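One structure is given below, encoded as structure tokens.
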Amino acid sequence: MELLSGGEMIVRTLQEEGVEFIFGYPGGAVLHIYDAIFQHCDIPHVLVRHEQAAIHAADAYARATGRPGLALVTSGPGATNAITGIATAYMDSIPMVVLSGQVQSHLIGGDAFQETDMVGVSRPVVKHSFLVKRTEDIPETIKKAFYIATTGRPGPVVVDLPKDITDPAAKYEFKYPEKVKMRSYNPAHRGHSGQIRKAVNLLLEAKRPVVYCGGGVILGDGAELLTKLAKDLNLPVASSLMGLGGYPGDDRQFLGMLGMHGAYESNTAMHHSDVILAVGVRFDDRTTNTVSKYCPTAKIIHVDIDPTSISKTVTADVPIVGPVSTVLKEMLDQIAEMGATDAQTLDRSGIDNWWEQIDEWRDAHGLWTAARYDTNSNQIKPQQVIETLYKLTGGDAYVCSDVGQHQMFAAQYYRFNKPRHWINSGGLGTMGFGFPAAMGVKLAFPDEQVVCVTGEGSIQMNIQELSTCTQYQLPIKIITLNNRALGMVKQWQDMQYGGRYSQTISYKDALPDFTKLAEAYGHVGIRVEKLEDLETKMKEALSLKDRLVFLDVAVDPAEHVYPMQIAPNGSMRDMWLNKTERT
Amino acid sequence: MRRIIAVLLENEPGALSRVVGLFSQRGYNIESLTVAPTEDATLSRLTLTTIGDDRTIEQITKHLNRLIDVVKLVDLTEGEHIEREIMLIKVKATGAQRAEIKRCTDIFRGQIVDVGPSVYTVQLTGTSDKLDAYLDAVGDASILEVVRSGVSGISRGEKVLGL
């Protein structure tokens, strides 16, 4: 029998779970745990400069690797600082366990120093949470936390740990459970075969089908199966922001991102389709435009692991609740069976006309097949920065993004060929996510090119992490599309508020010299102001394998993100194509 | 439409706040909510009444099911069921009113459980409609205090909501 203190138990459980990094920040309530880490822990601890960054780094580690992230924060402000990160992970269904310190049990509820009701504060933004009351319960609770975080629809789980239960003097028997079973939690492990058959029939009969790939395809490791299905049936594929990389971005059958800033061909094809196979999506308002006008002729097959996502906003004609991978596998199996008995069913010439139509749309306004921005301007266009990055990295980089115009340009112009390479805060839209996210990815994949595409607004929301990157020598490439403005909000002010730039350009003369700032932390700073320098300087930045480079690119502040769907009351196909032209 | 949803919930601290939080967070309304432990001390049984169209009710039941602490639930209004609510009501009872209140209470099969020089305290059990009808019959002018338990419900026949 092995006797361990609570702090030691925590270290052991993390080892048992195969945790690779602890992203965290010490404090009073977690002193016992940090002492156990000091004495017994071989898992590297990554000290951030703000708890929010610890959560984002753990989150991005999970997004890139598919394994759960782990963060450790103290009580009170440590816990509340973590909330934005937890909410970010929750909205994008990212598996993560957050250990938070809590004041001693007998002080709970008494407004003690650095006390906050973490279970209460985090409740709306966690998949589940635990307040551990006895040291003996630590192993099973943490086991449950990992189990819940990683199964079903993944999500963050908080484990709140009062200081006294981690006391080094109080030792208890340690036994880590191999398996955990919960009578109240049984996520679906396969889809309904009858529903899947209906879906397959509908798909095979469709004259104007579109596959709509969502974040669930990435999270559920369904990219390969989805690609095979689309390839076998010659189906066009559109993707949500979160689904990018679920189908090869440079393939002919890929129509691009859909939604508010989706590609013309993608949104238009969705609008005119007769069958939509929606996989791992939740029909978020940024992807549907006006719900009552959504894809009026389409029958919708909706595959998702979470029943609450189905018919929440858009009613599904064929709902299938189950893991994306097993459902897609069963669809492929059923199609193979049908093909074996009747090769005629797999004759795909019926959708030739549909492809001709799609190609016409592409020729007219395609994102990659028609001119989308002015290439003869004397300023650097933000789109050019992303296109250059794509060219220089061959589409293989991990691109972590913040939130705003740069995020949309990156989503549009970087063609993601692999899943888990596009790391961004889609649901919550958290500025300040990209840089700490890049740290998490770089730690997981030290030999890969990890780029943070950001803006001068977003980067300043977690810029303190430059110091963390110095400490752990994380050679991330930060590419800032610096337009001296909060560009996306400014774009809306241009379009809907008569160009009244309320607080979106007011900081333009107060911005730091980012190259000097980077240098102050021991990194490399490179400023790009002329288009002719863009490629050479970016190449130089990317070639500095062992250094963090802050590439500060001055881009045209007047540029807007297009296409942009027209709201309110617009349908999927109603878009501004540029500042003056609309569909 | 009014629905009665019965939920078996892990009897854990914080479980109830997750249920209540879900309703406020997603803008669903709760008309009434009752909760107490069951014969199995690890489980609480919760009955909640809510109003919404079919789509909303479907989302409510799905979201409740998604809560980790929810073990099982049933929408009792989907089938034959029994619903009961208990009400304690303090009414003015002076002069001729004393007899009138007594008569009214008898008609509704209520009991006068406490008597004062100028008040009666009445206990009444039944469906929410019946309790509403009693309040109407007694009239606002006589009512001093009302306390209602909220609805408890169970399905008729062989159907059992259990583990």
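Order determines the names: the first chain of the structure tokens is A, the second B, and so forth; residues in each chain are numbered 1 upward, and ligands are numbered 1 upward as they are shown.
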
Which residues are close to region 441-452 of chain A, i.e. within 9 Å by only C-alpha atoms, leaving aside same-chain residues fewer than 4 positions away? Reply as a ChimeraX atom specification. /A:20-21,57-58,60-65,393,396-402,423,434-437,472,474-480,542,545

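Distance criterion 6 Å to chain B, applied with only C-alpha atoms, yields Ser184, Tyr185 and Thr308 of chain A on chain A.
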
Pull the strand (DSSP E or B) assignments for chain B out of DSSP run on the backbone, and list those residues as number ranges by chain. B: 2-10, 32-37, 43-51, 70-75, 81-92, 111-115, 119-126, 143-148, 152-155

Within region 363-472 of chain A, find each residue whose DSSP state, derived from the backbone, is alpha helix (DSSP H), and express the selection as a PyMOL selection string. chain A and resi 363-365+382-393+405-413+434-444+466-472

Selection near region 110-124 of chain B, 12 Å with only C-alpha atoms, sequence-local residues under 4 positions removed, as a VMD selection string: chain B and resid 84 to 106 128 to 135 138 142 to 149

Within 12 Å of Ala520 (chain A), counting only C-alpha atoms, which residues show up once you throw out same-chain ones fewer than 3 positions away? Write them as a VMD selection string, please. chain A and resid 464 466 to 467 470 512 to 517 523 to 525 550

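Relative to CA of Ser100 (chain A), CA of Tyr34 (chain A) is found at 12.1 Å.
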
Within 10 Å of region 285-292 of chain A, counting only C-alpha atoms, which residues qualify if same-chain residues fewer than 2 places away don't, as a PyMOL selection string? chain A and resi 239-241+257-262+267+270-271+281-283+294-296+313-315+426-427+565-574
